[in-house]
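Okay, model_8.csv is below, CSV, N, CA and C atoms:
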chain,number,residue,atom,x,y,z
J,1,MET,N,-2.1,11.0,12.0
J,1,MET,CA,-2.6,10.0,11.2
J,1,MET,C,-1.6,9.7,10.0
J,2,TRP,N,-1.7,8.4,9.5
J,2,TRP,CA,-0.7,8.0,8.6
J,2,TRP,C,-0.7,8.9,7.3
J,3,PRO,N,-1.8,9.4,6.8
J,3,PRO,CA,-1.7,10.2,5.6
J,3,PRO,C,-0.9,11.5,5.7
J,4,ASP,N,-0.7,12.0,6.9
J,4,ASP,CA,0.1,13.2,7.1
J,4,ASP,C,1.5,13.0,6.8
J,5,TYR,N,2.0,11.8,6.6
J,5,TYR,CA,3.4,11.5,6.2
J,5,TYR,C,3.5,11.4,4.7
J,6,LEU,N,2.4,11.4,4.0
J,6,LEU,CA,2.5,11.3,2.5
J,6,LEU,C,2.9,12.7,1.9
J,7,ASP,N,3.5,12.7,0.8
J,7,ASP,CA,3.7,13.9,0.0
J,7,ASP,C,2.4,14.4,-0.6
J,8,ASN,N,1.5,13.5,-0.8
J,8,ASN,CA,0.2,13.8,-1.4
J,8,ASN,C,-1.0,13.3,-0.5
J,9,PRO,N,-1.1,13.9,0.7
J,9,PRO,CA,-2.2,13.4,1.6
J,9,PRO,C,-3.6,13.6,1.0
J,10,GLN,N,-3.8,14.5,0.1
J,10,GLN,CA,-5.1,14.7,-0.5
J,10,GLN,C,-5.5,13.4,-1.2
J,11,ALA,N,-4.6,12.6,-1.6
J,11,ALA,CA,-5.0,11.3,-2.3
J,11,ALA,C,-6.0,10.5,-1.5
J,12,ILE,N,-5.7,10.5,-0.2
J,12,ILE,CA,-6.5,9.7,0.7
J,12,ILE,C,-7.6,10.5,1.4
J,13,TYR,N,-7.3,11.7,1.8
J,13,TYR,CA,-8.3,12.6,2.5
J,13,TYR,C,-9.5,12.9,1.5
J,14,SER,N,-9.2,13.1,0.2
J,14,SER,CA,-10.3,13.5,-0.7
J,14,SER,C,-11.1,12.3,-1.0
J,15,THR,N,-10.6,11.1,-1.0
J,15,THR,CA,-11.3,9.9,-1.3
J,15,THR,C,-12.1,9.4,0.0
J,16,PHE,N,-11.5,9.5,1.1
J,16,PHE,CA,-12.1,9.1,2.4
J,16,PHE,C,-12.2,10.3,3.3
J,17,PRO,N,-13.1,11.3,3.0
J,17,PRO,CA,-13.2,12.5,3.9
J,17,PRO,C,-13.7,12.3,5.3
J,18,ASN,N,-14.4,11.3,5.5
J,18,ASN,CA,-15.0,11.1,6.8
J,18,ASN,C,-14.2,10.2,7.8
J,19,ALA,N,-13.6,9.2,7.3
J,19,ALA,CA,-12.7,8.3,8.1
J,19,ALA,C,-11.7,7.6,7.2
J,20,VAL,N,-10.5,7.9,7.5
J,20,VAL,CA,-9.4,7.2,6.7
J,20,VAL,C,-9.2,5.8,7.2
J,21,PRO,N,-9.2,4.8,6.2
J,21,PRO,CA,-9.0,3.4,6.6
J,21,PRO,C,-7.6,3.2,7.2
J,22,GLU,N,-7.6,2.2,8.1
J,22,GLU,CA,-6.3,1.8,8.7
J,22,GLU,C,-5.6,0.9,7.7
J,23,LEU,N,-4.3,0.9,7.8
J,23,LEU,CA,-3.5,0.0,6.9
J,23,LEU,C,-3.2,-1.3,7.6
J,24,LYS,N,-4.3,-2.0,7.9
J,24,LYS,CA,-4.2,-3.3,8.6
J,24,LYS,C,-5.1,-4.3,7.9
J,25,GLY,N,-4.7,-5.6,8.0
J,25,GLY,CA,-5.4,-6.6,7.4
J,25,GLY,C,-5.3,-6.7,5.9
J,26,LEU,N,-4.2,-6.1,5.3
J,26,LEU,CA,-4.1,-6.0,3.9
J,26,LEU,C,-3.4,-7.3,3.3
J,27,ARG,N,-3.7,-7.5,2.0
J,27,ARG,CA,-3.1,-8.6,1.3
J,27,ARG,C,-1.8,-8.1,0.6
J,28,PRO,N,-0.8,-9.0,0.7
J,28,PRO,CA,0.4,-8.6,-0.1
J,28,PRO,C,0.2,-8.5,-1.5
J,29,GLY,N,0.8,-7.5,-2.2
J,29,GLY,CA,0.7,-7.4,-3.6
J,29,GLY,C,2.1,-7.5,-4.2
J,30,LYS,N,2.8,-6.5,-4.1
J,30,LYS,CA,4.2,-6.4,-4.7
J,30,LYS,C,5.1,-5.5,-3.8
J,31,LEU,N,6.3,-6.0,-3.7
J,31,LEU,CA,7.3,-5.2,-3.1
J,31,LEU,C,8.5,-5.2,-4.0
J,32,VAL,N,8.9,-4.0,-4.5
J,32,VAL,CA,10.0,-3.9,-5.4
J,32,VAL,C,11.0,-2.9,-4.8
J,33,ILE,N,12.3,-3.4,-4.6
J,33,ILE,CA,13.3,-2.7,-4.1
J,33,ILE,C,14.3,-2.3,-5.2
J,34,ASP,N,14.4,-1.0,-5.5
J,34,ASP,CA,15.3,-0.5,-6.5
J,34,ASP,C,16.5,0.0,-5.7
J,35,PHE,N,17.6,-0.6,-6.0
J,35,PHE,CA,18.8,-0.3,-5.2
J,35,PHE,C,19.3,1.1,-5.5
J,36,ALA,N,18.7,1.8,-6.4
J,36,ALA,CA,19.0,3.2,-6.6
J,36,ALA,C,18.4,4.1,-5.5
J,37,GLY,N,17.5,3.5,-4.6
J,37,GLY,CA,17.0,4.2,-3.5
J,37,GLY,C,15.5,4.3,-3.4
J,38,ASP,N,14.8,3.6,-4.3
J,38,ASP,CA,13.3,3.7,-4.2
J,38,ASP,C,12.7,2.3,-3.8
J,39,ILE,N,11.6,2.3,-3.2
J,39,ILE,CA,10.8,1.1,-2.9
J,39,ILE,C,9.4,1.3,-3.3
J,40,TRP,N,8.8,0.4,-4.1
J,40,TRP,CA,7.4,0.4,-4.5
J,40,TRP,C,6.7,-0.7,-3.7
J,41,LEU,N,5.6,-0.4,-3.1
J,41,LEU,CA,4.9,-1.3,-2.3
J,41,LEU,C,3.4,-1.3,-2.8
J,42,ARG,N,2.9,-2.5,-3.1
J,42,ARG,CA,1.4,-2.6,-3.4
J,42,ARG,C,0.8,-3.5,-2.4
J,43,LEU,N,-0.3,-3.0,-1.8
J,43,LEU,CA,-1.1,-3.8,-0.8
J,43,LEU,C,-2.6,-3.7,-1.2
J,44,ASP,N,-3.3,-4.8,-1.1
J,44,ASP,CA,-4.7,-4.9,-1.5
J,44,ASP,C,-5.6,-4.9,-0.2
J,45,ALA,N,-6.7,-4.2,-0.3
J,45,ALA,CA,-7.7,-4.3,0.7
J,45,ALA,C,-9.0,-4.9,0.0
J,46,GLN,N,-9.5,-5.9,0.6
J,46,GLN,CA,-10.7,-6.5,0.0
J,46,GLN,C,-11.5,-7.1,1.2
J,47,PRO,N,-12.7,-6.7,1.3
J,47,PRO,CA,-13.5,-5.9,0.5
J,47,PRO,C,-13.1,-4.4,0.5
J,48,LEU,N,-13.8,-3.6,-0.3
J,48,LEU,CA,-13.5,-2.2,-0.2
J,48,LEU,C,-13.6,-1.6,1.2
J,49,PRO,N,-12.7,-0.7,1.6
J,49,PRO,CA,-12.8,-0.2,2.9
J,49,PRO,C,-14.1,0.6,3.1
J,50,ASP,N,-14.6,0.6,4.4
J,50,ASP,CA,-15.8,1.5,4.7
J,50,ASP,C,-15.5,2.9,4.3
J,51,GLY,N,-16.6,3.5,3.8
J,51,GLY,CA,-16.4,4.9,3.4
J,51,GLY,C,-15.9,5.1,2.0
J,52,SER,N,-15.7,4.0,1.2
J,52,SER,CA,-15.2,4.1,-0.2
J,52,SER,C,-16.3,4.9,-1.0
J,53,PRO,N,-15.8,5.6,-2.0
J,53,PRO,CA,-16.8,6.3,-2.8
J,53,PRO,C,-17.8,5.4,-3.5
J,54,PRO,N,-19.1,5.7,-3.4
J,54,PRO,CA,-20.1,4.8,-4.0
J,54,PRO,C,-19.9,4.5,-5.5
J,55,ARG,N,-19.3,5.4,-6.2
J,55,ARG,CA,-19.0,5.1,-7.6
J,55,ARG,C,-18.1,3.9,-7.8
J,56,TRP,N,-17.3,3.6,-6.9
J,56,TRP,CA,-16.4,2.4,-7.0
J,56,TRP,C,-17.3,1.2,-7.0
J,57,ARG,N,-18.2,1.0,-6.1
J,57,ARG,CA,-19.1,-0.1,-6.1
J,57,ARG,C,-20.0,-0.1,-7.3
J,58,ASP,N,-20.5,1.1,-7.6
J,58,ASP,CA,-21.4,1.2,-8.8
J,58,ASP,C,-20.7,0.7,-10.1
J,59,ASN,N,-19.4,0.8,-10.1
J,59,ASN,CA,-18.6,0.4,-11.3
J,59,ASN,C,-18.2,-1.1,-11.1
J,60,GLY,N,-18.7,-1.8,-10.1
J,60,GLY,CA,-18.4,-3.2,-9.9
J,60,GLY,C,-17.1,-3.5,-9.2
J,61,ASN,N,-16.5,-2.6,-8.6
J,61,ASN,CA,-15.3,-2.8,-7.8
J,61,ASN,C,-15.5,-3.4,-6.4
J,62,ASP,N,-14.7,-4.3,-6.0
J,62,ASP,CA,-14.8,-4.9,-4.7
J,62,ASP,C,-13.6,-4.9,-3.9
J,63,GLY,N,-12.5,-4.2,-4.4
J,63,GLY,CA,-11.3,-4.1,-3.7
J,63,GLY,C,-10.5,-2.8,-4.0
J,64,LEU,N,-9.5,-2.6,-3.2
J,64,LEU,CA,-8.7,-1.4,-3.4
J,64,LEU,C,-7.3,-1.7,-3.3
J,65,GLU,N,-6.5,-1.2,-4.3
J,65,GLU,CA,-5.1,-1.5,-4.3
J,65,GLU,C,-4.4,-0.1,-3.9
J,66,TYR,N,-3.6,-0.2,-2.8
J,66,TYR,CA,-2.8,0.9,-2.4
J,66,TYR,C,-1.5,0.8,-3.1
J,67,ARG,N,-1.0,1.8,-3.8
J,67,ARG,CA,0.3,1.8,-4.4
J,67,ARG,C,1.1,2.9,-3.7
J,68,PHE,N,2.2,2.5,-3.0
J,68,PHE,CA,3.1,3.4,-2.3
J,68,PHE,C,4.4,3.5,-3.1
J,69,MET,N,4.9,4.7,-3.3
J,69,MET,CA,6.1,4.9,-4.0
J,69,MET,C,7.0,5.7,-3.0
J,70,PHE,N,7.9,5.0,-2.3
J,70,PHE,CA,8.9,5.6,-1.4
J,70,PHE,C,10.1,6.0,-2.2
J,71,TYR,N,10.7,7.1,-1.9
J,71,TYR,CA,11.9,7.5,-2.5
J,71,TYR,C,13.0,8.0,-1.5
J,72,ASP,N,14.2,7.9,-2.0
J,72,ASP,CA,15.4,8.2,-1.1
J,72,ASP,C,15.3,7.3,0.1
J,73,THR,N,15.2,6.0,-0.1
J,73,THR,CA,15.1,5.1,1.1
J,73,THR,C,16.5,4.7,1.6
J,74,SER,N,16.5,4.3,2.8
J,74,SER,CA,17.8,3.9,3.5
J,74,SER,C,17.5,2.9,4.6
J,75,ASP,N,18.5,2.3,5.2
J,75,ASP,CA,18.4,1.5,6.4
J,75,ASP,C,17.3,0.4,6.3
J,76,LEU,N,17.3,-0.2,5.1
J,76,LEU,CA,16.3,-1.3,4.9
J,76,LEU,C,16.7,-2.5,5.7
J,77,SER,N,15.7,-3.1,6.4
J,77,SER,CA,16.0,-4.4,7.1
J,77,SER,C,14.8,-5.3,6.8
J,78,VAL,N,15.0,-6.5,6.5
J,78,VAL,CA,14.0,-7.5,6.2
J,78,VAL,C,14.2,-8.7,6.9
J,79,LEU,N,13.1,-9.2,7.6
J,79,LEU,CA,13.2,-10.5,8.3
J,79,LEU,C,12.1,-11.4,7.8
J,80,GLY,N,12.5,-12.6,7.4
J,80,GLY,CA,11.5,-13.5,6.9
J,80,GLY,C,11.6,-13.5,5.3
J,81,THR,N,10.8,-14.4,4.7
J,81,THR,CA,10.8,-14.5,3.3
J,81,THR,C,9.4,-14.4,2.8
J,82,ALA,N,9.2,-14.3,1.5
J,82,ALA,CA,7.9,-14.1,0.9
J,82,ALA,C,6.9,-15.2,1.1
J,83,HIS,N,7.4,-16.4,1.3
J,83,HIS,CA,6.5,-17.5,1.5
J,83,HIS,C,5.7,-17.4,2.8
J,84,TYR,N,6.2,-16.6,3.7
J,84,TYR,CA,5.4,-16.3,5.0
J,84,TYR,C,4.2,-15.4,4.7
J,85,LEU,N,4.2,-14.8,3.6
J,85,LEU,CA,3.1,-13.8,3.3
J,85,LEU,C,1.9,-14.5,2.7
J,86,ALA,N,1.9,-15.7,2.3
J,86,ALA,CA,0.8,-16.3,1.5
J,86,ALA,C,-0.5,-16.3,2.3
J,87,SER,N,-0.5,-16.5,3.6
J,87,SER,CA,-1.8,-16.6,4.3
J,87,SER,C,-1.9,-15.6,5.4
J,88,ASP,N,-1.0,-14.7,5.5
J,88,ASP,CA,-0.9,-13.7,6.7
J,88,ASP,C,-1.3,-12.3,6.2
J,89,ALA,N,-2.1,-11.6,6.9
J,89,ALA,CA,-2.5,-10.3,6.6
J,89,ALA,C,-1.3,-9.3,7.0
J,90,LEU,N,-1.2,-8.2,6.3
J,90,LEU,CA,-0.1,-7.3,6.6
J,90,LEU,C,-0.6,-6.0,7.2
J,91,THR,N,0.3,-5.3,7.9
J,91,THR,CA,0.0,-4.0,8.4
J,91,THR,C,1.2,-3.1,8.0
J,92,LEU,N,0.8,-1.9,7.5
J,92,LEU,CA,1.9,-0.9,7.2
J,92,LEU,C,1.7,0.2,8.2
J,93,GLU,N,2.8,0.6,8.8
J,93,GLU,CA,2.8,1.7,9.7
J,93,GLU,C,3.8,2.8,9.1
J,94,LEU,N,3.3,4.0,9.0
J,94,LEU,CA,4.1,5.1,8.5
J,94,LEU,C,4.3,6.1,9.7
J,95,ASN,N,5.5,6.6,9.8
J,95,ASN,CA,5.8,7.6,10.7
J,95,ASN,C,6.6,8.7,10.0
J,96,SER,N,7.1,9.7,10.6
J,96,SER,CA,7.9,10.7,10.0
J,96,SER,C,9.2,10.1,9.5
J,97,GLY,N,9.3,9.9,8.2
J,97,GLY,CA,10.5,9.4,7.6
J,97,GLY,C,10.8,7.9,7.8
J,98,ALA,N,9.8,7.1,8.3
J,98,ALA,CA,10.1,5.7,8.5
J,98,ALA,C,8.8,4.9,8.3
J,99,ALA,N,9.1,3.7,7.7
J,99,ALA,CA,7.9,2.8,7.4
J,99,ALA,C,8.3,1.4,8.0
J,100,SER,N,7.2,0.7,8.4
J,100,SER,CA,7.3,-0.6,8.9
J,100,SER,C,6.2,-1.5,8.3
J,101,LEU,N,6.5,-2.6,7.7
J,101,LEU,CA,5.6,-3.5,7.1
J,101,LEU,C,5.8,-4.8,7.8
J,102,PHE,N,4.7,-5.4,8.3
J,102,PHE,CA,4.8,-6.7,9.0
J,102,PHE,C,3.6,-7.5,8.9
J,103,SER,N,3.8,-8.8,9.0
J,103,SER,CA,2.7,-9.8,8.9
J,103,SER,C,2.1,-9.9,10.3
J,104,GLN,N,0.9,-10.4,10.4
J,104,GLN,CA,0.2,-10.6,11.6
J,104,GLN,C,1.0,-11.4,12.7
J,105,GLY,N,1.6,-12.4,12.3
J,105,GLY,CA,2.3,-13.3,13.2
J,105,GLY,C,3.8,-12.8,13.3
J,106,ARG,N,4.2,-11.7,12.7
J,106,ARG,CA,5.5,-11.2,12.7
J,106,ARG,C,6.5,-12.2,12.1
J,107,ALA,N,6.1,-13.1,11.2
J,107,ALA,CA,7.0,-14.0,10.5
J,107,ALA,C,7.7,-13.3,9.4
J,108,PHE,N,7.1,-12.1,9.0
J,108,PHE,CA,7.7,-11.3,8.0
J,108,PHE,C,7.7,-9.9,8.5
J,109,GLU,N,8.8,-9.2,8.4
J,109,GLU,CA,8.9,-7.8,8.8
J,109,GLU,C,9.9,-7.1,7.9
J,110,ALA,N,9.6,-5.9,7.5
J,110,ALA,CA,10.5,-5.0,6.8
J,110,ALA,C,10.3,-3.6,7.3
J,111,ALA,N,11.5,-2.9,7.5
J,111,ALA,CA,11.5,-1.6,8.0
J,111,ALA,C,12.5,-0.8,7.2
J,112,PHE,N,12.2,0.5,7.0
J,112,PHE,CA,13.2,1.3,6.2
J,112,PHE,C,12.9,2.8,6.5
J,113,LYS,N,13.8,3.6,6.2
J,113,LYS,CA,13.6,5.1,6.3
J,113,LYS,C,13.4,5.6,4.8
J,114,PHE,N,12.8,6.8,4.7
J,114,PHE,CA,12.5,7.4,3.4
J,114,PHE,C,12.5,8.9,3.6
J,115,ARG,N,12.7,9.5,2.5
J,115,ARG,CA,12.7,11.0,2.4
J,115,ARG,C,11.3,11.4,2.0
J,116,GLY,N,10.6,10.6,1.2
J,116,GLY,CA,9.3,11.0,0.7
J,116,GLY,C,8.5,9.8,0.3
J,117,VAL,N,7.2,9.9,0.3
J,117,VAL,CA,6.3,8.8,-0.2
J,117,VAL,C,5.1,9.4,-0.8
J,118,ARG,N,4.7,8.8,-1.9
J,118,ARG,CA,3.4,9.2,-2.6
J,118,ARG,C,2.5,7.9,-2.7
J,119,LEU,N,1.2,8.2,-2.6
J,119,LEU,CA,0.2,7.2,-2.7
J,119,LEU,C,-0.7,7.3,-3.9
J,120,PHE,N,-1.0,6.2,-4.5
J,120,PHE,CA,-1.9,6.1,-5.6
J,120,PHE,C,-3.0,5.0,-5.3
J,121,LEU,N,-4.2,5.3,-5.5
J,121,LEU,CA,-5.3,4.4,-5.1
J,121,LEU,C,-5.9,3.8,-6.4
J,122,HIS,N,-6.1,2.5,-6.5
J,122,HIS,CA,-6.7,1.9,-7.6
J,122,HIS,C,-7.7,0.9,-7.2
J,123,PRO,N,-9.0,1.2,-7.3
J,123,PRO,CA,-10.1,0.3,-7.0
J,123,PRO,C,-10.1,-0.8,-8.1
J,124,PHE,N,-10.5,-2.0,-7.8
J,124,PHE,CA,-10.5,-3.1,-8.7
J,124,PHE,C,-11.7,-4.1,-8.4
J,125,SER,N,-12.0,-4.8,-9.4
J,125,SER,CA,-13.0,-5.9,-9.3
J,125,SER,C,-12.2,-7.2,-9.4
J,126,GLN,N,-12.2,-8.0,-8.3
J,126,GLN,CA,-11.5,-9.3,-8.3
J,126,GLN,C,-11.9,-10.2,-9.4
J,127,ALA,N,-13.2,-10.2,-9.7
J,127,ALA,CA,-13.7,-11.2,-10.7
J,127,ALA,C,-13.3,-10.8,-12.1
J,128,GLN,N,-13.0,-9.5,-12.3
J,128,GLN,CA,-12.6,-9.1,-13.6
J,128,GLN,C,-11.2,-8.6,-13.7
J,129,ARG,N,-10.5,-8.8,-12.6
J,129,ARG,CA,-9.1,-8.2,-12.5
J,129,ARG,C,-8.2,-8.8,-13.5
J,130,LEU,N,-7.5,-7.9,-14.2
J,130,LEU,CA,-6.5,-8.3,-15.1
J,130,LEU,C,-5.2,-8.0,-14.4
J,131,ASP,N,-4.1,-8.7,-14.7
J,131,ASP,CA,-2.9,-8.4,-14.0
J,131,ASP,C,-2.2,-7.2,-14.6
J,132,LEU,N,-2.9,-6.1,-14.7
J,132,LEU,CA,-2.3,-4.8,-15.2
J,132,LEU,C,-1.3,-4.3,-14.2
J,133,GLN,N,-1.5,-4.7,-12.9
J,133,GLN,CA,-0.6,-4.2,-11.8
J,133,GLN,C,0.8,-4.7,-12.1
J,134,GLU,N,1.0,-5.8,-12.9
J,134,GLU,CA,2.3,-6.3,-13.1
J,134,GLU,C,3.1,-5.3,-13.9
J,135,SER,N,2.5,-4.3,-14.5
J,135,SER,CA,3.2,-3.3,-15.2
J,135,SER,C,3.7,-2.1,-14.3
J,136,TRP,N,3.4,-2.3,-13.0
J,136,TRP,CA,3.7,-1.2,-12.1
J,136,TRP,C,4.7,-1.8,-11.1
J,137,PRO,N,5.8,-1.1,-10.8
J,137,PRO,CA,6.3,0.1,-11.5
J,137,PRO,C,6.8,-0.3,-12.9
J,138,ALA,N,6.7,0.7,-13.8
J,138,ALA,CA,7.2,0.5,-15.2
J,138,ALA,C,8.7,0.2,-15.2
J,139,SER,N,9.0,-0.8,-16.0
J,139,SER,CA,10.4,-1.2,-16.1
J,139,SER,C,11.2,-0.2,-16.9
Translate this structure into structure tokens?
Amino acid sequence: MWPDYLDNPQAIYSTFPNAVPELKGLRPGKLVIDFAGDIWLRLDAQPLPDGSPPRWRDNGNDGLEYRFMFYDTSDLSVLGTAHYLASDALTLELNSGAASLFSQGRAFEAAFKFRGVRLFLHPFSQAQRLDLQESWPAS
């Protein structure tokens, strides 16, 4: 399963102990390529994935932001441009040391290798969402 390729698989397994959500049908958030070798990727799931902690809904959240931090990346290839992402859902596939991000119609594709990846989960309320995610990653 995809969490097994994370440096911190407990981030997802402890949050979704019964069934880990697939990384499909996600909305694009942010892709930052640091030419020093890191890639930050933010993808949104809305509505909240099945099996989300009840406290998230109780707090008024209706979406989940996945924040991936890949480090020591290499062999980046990108096909397509950001305007292809406006209406297309994304899928992220993780394998041992490799990631692939693509739109449903394959008008956008990105692939790269990595030495490590960490995941951070941020539930949000779309109605009350502030663009705090713009501060991630920190400049």
### Task
Kindly indicate which residue among J:Gly80, J:Pro49, J:Gly60, J:Gly97 lies nearest to Lys24 (chain J), using only C-alpha atoms for the distances.
J:Pro49
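Comparing the minimum interatomic distances between Asp72 (chain J) and each of J:Lys113, J:Arg57, J:Leu23, J:Gln104, counting all atoms listed in the file, we find that J:Lys113 sits nearest.
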### Message
What's around Asp50 (chain J) at 12 Å? Count only C-alpha atoms, leave out sequence neighbours fewer than 6 positions away in its own chain, and write the answer as a ChimeraX atom specification.
### Response
/J:15-22,56-57,62-64
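Using only N, CA and C atoms, the nearest neighbour of Asn8 (chain J) within the list J:Asp58, J:Ala127, J:Leu119, J:Leu41 is J:Leu119.
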#### Entry: Test item, alpha helix (DSSP H) assignment across chain J, answer as a count of residues only
9
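Between atom C of Ala99 (chain J) and atom C of Pro28 (chain J) the separation is 15.9 Å.
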### Task
Counting all atoms listed in the file, note down every residue that has an atom within 8 Å of the point (14.0, -14.5, 7.6) (file coordinates), as a PyMOL selection string.
chain J and resi 78-82+107-109
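Candidate residues J:Ser52, J:Phe68, J:Gly37, J:Met1 were compared for distance to Leu101 (chain J), and the nearest is J:Phe68, using only C-alpha atoms.
Distance-wise, CA of Tyr5 (chain J) and atom N of Ala36 (chain J) end up 22.1 Å apart.
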Do you know which residues are at most 7 Å from Gly25 (chain J) counting all atoms listed in the file, after dropping those on the same chain fewer than 4 positions away, and could you put them as a compact mmCIF listing (two decimals) with N, CA and C atoms, in the coordinates of the input?
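Final output, result_17.txt:
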# COMPACT_ATOMS: atom_id res chain seq x y z
N ASP J 44 -3.30 -4.80 -1.10
CA ASP J 44 -4.70 -4.90 -1.50
C ASP J 44 -5.60 -4.90 -0.20
N ALA J 45 -6.70 -4.20 -0.30
CA ALA J 45 -7.70 -4.30 0.70
C ALA J 45 -9.00 -4.90 0.00
N GLN J 46 -9.50 -5.90 0.60
CA GLN J 46 -10.70 -6.50 0.00
C GLN J 46 -11.50 -7.10 1.20
N ASP J 88 -1.00 -14.70 5.50
CA ASP J 88 -0.90 -13.70 6.70
C ASP J 88 -1.30 -12.30 6.20
N ALA J 89 -2.10 -11.60 6.90
CA ALA J 89 -2.50 -10.30 6.60
C ALA J 89 -1.30 -9.30 7.00
N LEU J 90 -1.20 -8.20 6.30
CA LEU J 90 -0.10 -7.30 6.60
C LEU J 90 -0.60 -6.00 7.20
N THR J 91 0.30 -5.30 7.90
CA THR J 91 0.00 -4.00 8.40
C THR J 91 1.20 -3.10 8.00
N LEU J 92 0.80 -1.90 7.50
CA LEU J 92 1.90 -0.90 7.20
C LEU J 92 1.70 0.20 8.20
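Proximity ranking of J:Arg42, J:Met69, J:Ser74, J:Asn95 relative to Asp4 (chain J) places J:Asn95 first, based on all atoms listed in the file.
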### Query
Between atom N of Tyr66 (chain J) and atom C of Phe120 (chain J), what is the distance, to one decimal in Å?
5.8 Å
### Query
What residues in region 13-138 of chain J get the DSSP label strand (DSSP E or B)? Please answer as a PyMOL selection string.
chain J and resi 26-34+38-45+63-71+74-79+90-95+98-103+109-113+116-124
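The nearest approach to Ile12 (chain J) among the residues J:Leu48, J:Leu121, J:Val32, J:Ala98, with all atoms listed in the file taken into account, belongs to J:Leu121.
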